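Q: Once you've had a glance at the structure underneath, I'll fire off some questions.
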Amino acid sequence: MPNSPLSPAELRAMFGANLRKLAEPYQSISELSRALGINRTQFNRYLSGESFPRPDVLARVCAFFKVDARVLLEPVDKIARYDDPIANPFLQDYVGVGSNDVPTDIFPSGFFRFSRRSFLRKDVFILGVVHIRRDGRNTFIRGFESINSMRVQSLPTDKDSREFRGIVIRQDDGVAIIASRLNAMTCSYNYLNKVASFQNNFWLGYVTRTIPERANDMRITRLVYEYLGPDPKDALPAARAARFYTVDELPPFHHRLLMPDAPFF
C-alpha cells in the first residue's frame, strides 16, 4: 500500500525541520537569509514551519544547499546531496554505505595520537594528533602536518597548507580513512584495526601516499593510532609534541606495534 501523502501542515513541518538542519553550520541567520535573498521575517516563518516557499524560492533554497526537492518529504540526513560523489546513487550502496554510521565501539570520536615512519627520512618517525568527529551519519577526520615535515619538503608551513581532512569508512575488520590536503593537493589511504591492549585504545594498520613509483621512495608504511579521549586537554600535550622522533624516542607501545626492524609486507 503506498504511503499516505503528507498534509500541508506536515510538509511545512518537514521543510522547517530540514531548513533548520541545513542552517546549523551558519552562525548568523540574518546573513544566511540575505545570501538566499529571502526576507528575514519570512525566513523565520519557514524555519518554524508556519509558512512554505513559492516554487521559485524553493528552487533557490535547493540550489544554495545542494539538495533536491525531497527536502519537502524526507529528513535531510537521508537525502543525498547531488554534488556528493559518495552519496551519489552510483556509489551509495558501495562506498557510501560504509561511510554511514561507523560504530563508535569500532572507532570512537575524539582525539588520537598517531605514529608512523617518515616517508621522507626512513631513519625517523612522525608522531602527531588527529581529531575524529561525527556529523549526521558520517565520520570525519581532521589534522595538521607537522611544521618540520613541511619544511623538509620545502612546503609552506601556514595552517591552511598543513591541514588535512578526510572521511572514515567502515570495513569488515576495521576502518579505512581517505584524507587529503586543501584542494586535494595530496591524498592518503589509511587502514586501521583495533588491537588488544590494556586500555583497549590502540589501532594498527598502514598508510599509503599517492605518488608515482620512484627508486628508493617509500609509499606505504605501518601506522599506529592511540585514542586519547574526547577532551582537548588530554590531546594538548601530544599535539605540542608533534615532530620527528628517532626509533629510541618512540613511546613503548607505539614502538612495539610499529616493529621498526621488521619489513612491511
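Residues in the C-alpha cells are named by chain (A, B, ... in the order shown) and by number from 1 within that chain; ligands are numbered from 1 in the order shown.
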Excluding region 123-137 of chain A and residues on its chain fewer than 6 positions from it, collect all residues at most 8 Å away from it, counting only C-alpha atoms, and give them as a PyMOL selection string.
A: chain A and resi 77+99-102+108-117+143-146+235+238-239+241-247+250
Q: Determine which residues of region 6-249 of chain A receive a DSSP assignment of helix (DSSP H, G or I), computed from the backbone, and state them as an MDAnalysis selection string.
A: chainID A and resid 8:23 29:36 40:48 55:65 69:72 76:78 89:99 147:152 159:162 182:184 232:240 247:249
Q: Between CA of Asn183 (chain A) and CA of Ile169 (chain A), what is the spacing in Å?
A: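 Separation between CA of Ile169 (chain A) and CA of Asn183 (chain A): 20.9 Å.
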Q: If we count only C-alpha atoms and set the cut-off at 8 Å, which residues sit around Leu192 (chain A), ignoring sequence neighbours fewer than 2 positions away in its own chain? Please answer as a list in words.
A: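 My reading of the contact set: Gly174, Val175, Ala176, Asn190, Lys194, Trp203, Leu204, Gly205, Tyr206, Leu223, Val224 and Tyr225 of chain A.
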Q: Which residues are near Val97 (chain A)? Cut-off 9 Å, only C-alpha atoms, ignore same chain within fewer than 5 positions. Put them as a compact mmCIF listing (two decimals) with C-alpha atoms, in the first residue's frame.
A:
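Output file out_35.txt is given in full below:
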# COMPACT_ATOMS: atom_id res chain seq x y z
CA ILE A 86 29.93 9.17 -2.06
CA ALA A 87 26.19 9.73 -1.58
CA LEU A 91 28.28 4.65 -5.17
CA GLN A 92 25.72 4.78 -2.38
CA ILE A 169 34.70 4.24 6.04
CA ARG A 170 33.66 1.09 7.86
Q: Enumerate, in order of chain and increasing residue number, the residues of region 58-169 of chain A with an atom no farther than 7 Å from region 12-24 of chain A, each with its shortest atom pair and distance in Å to one decimal, counting only C-alpha atoms, as JSON lines.
A:
{"residue": "A:Val71", "atom": "CA", "partner": "A:Phe15", "partner_atom": "CA", "distance": 6.1}
{"residue": "A:Leu72", "atom": "CA", "partner": "A:Phe15", "partner_atom": "CA", "distance": 5.0}
{"residue": "A:Leu73", "atom": "CA", "partner": "A:Met14", "partner_atom": "CA", "distance": 6.6}
{"residue": "A:Pro75", "atom": "CA", "partner": "A:Asn18", "partner_atom": "CA", "distance": 6.2}
{"residue": "A:Val76", "atom": "CA", "partner": "A:Asn18", "partner_atom": "CA", "distance": 5.4}
Q: Considering only C-alpha atoms, return as a PyMOL selection string whatever protein or nucleic-acid residues lie within 10 Å of Phe64 (chain A), sequence-local ones (same chain, fewer than 5 positions apart) excluded.
A: chain A and resi 35-36+58-59
Q: Between CA of Pro8 (chain A) and CA of Arg70 (chain A), what is the distance in Å, rounded to a tenth?
A: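 Spanning CA of Pro8 (chain A) to CA of Arg70 (chain A) is a straight-line distance of 14.7 Å.
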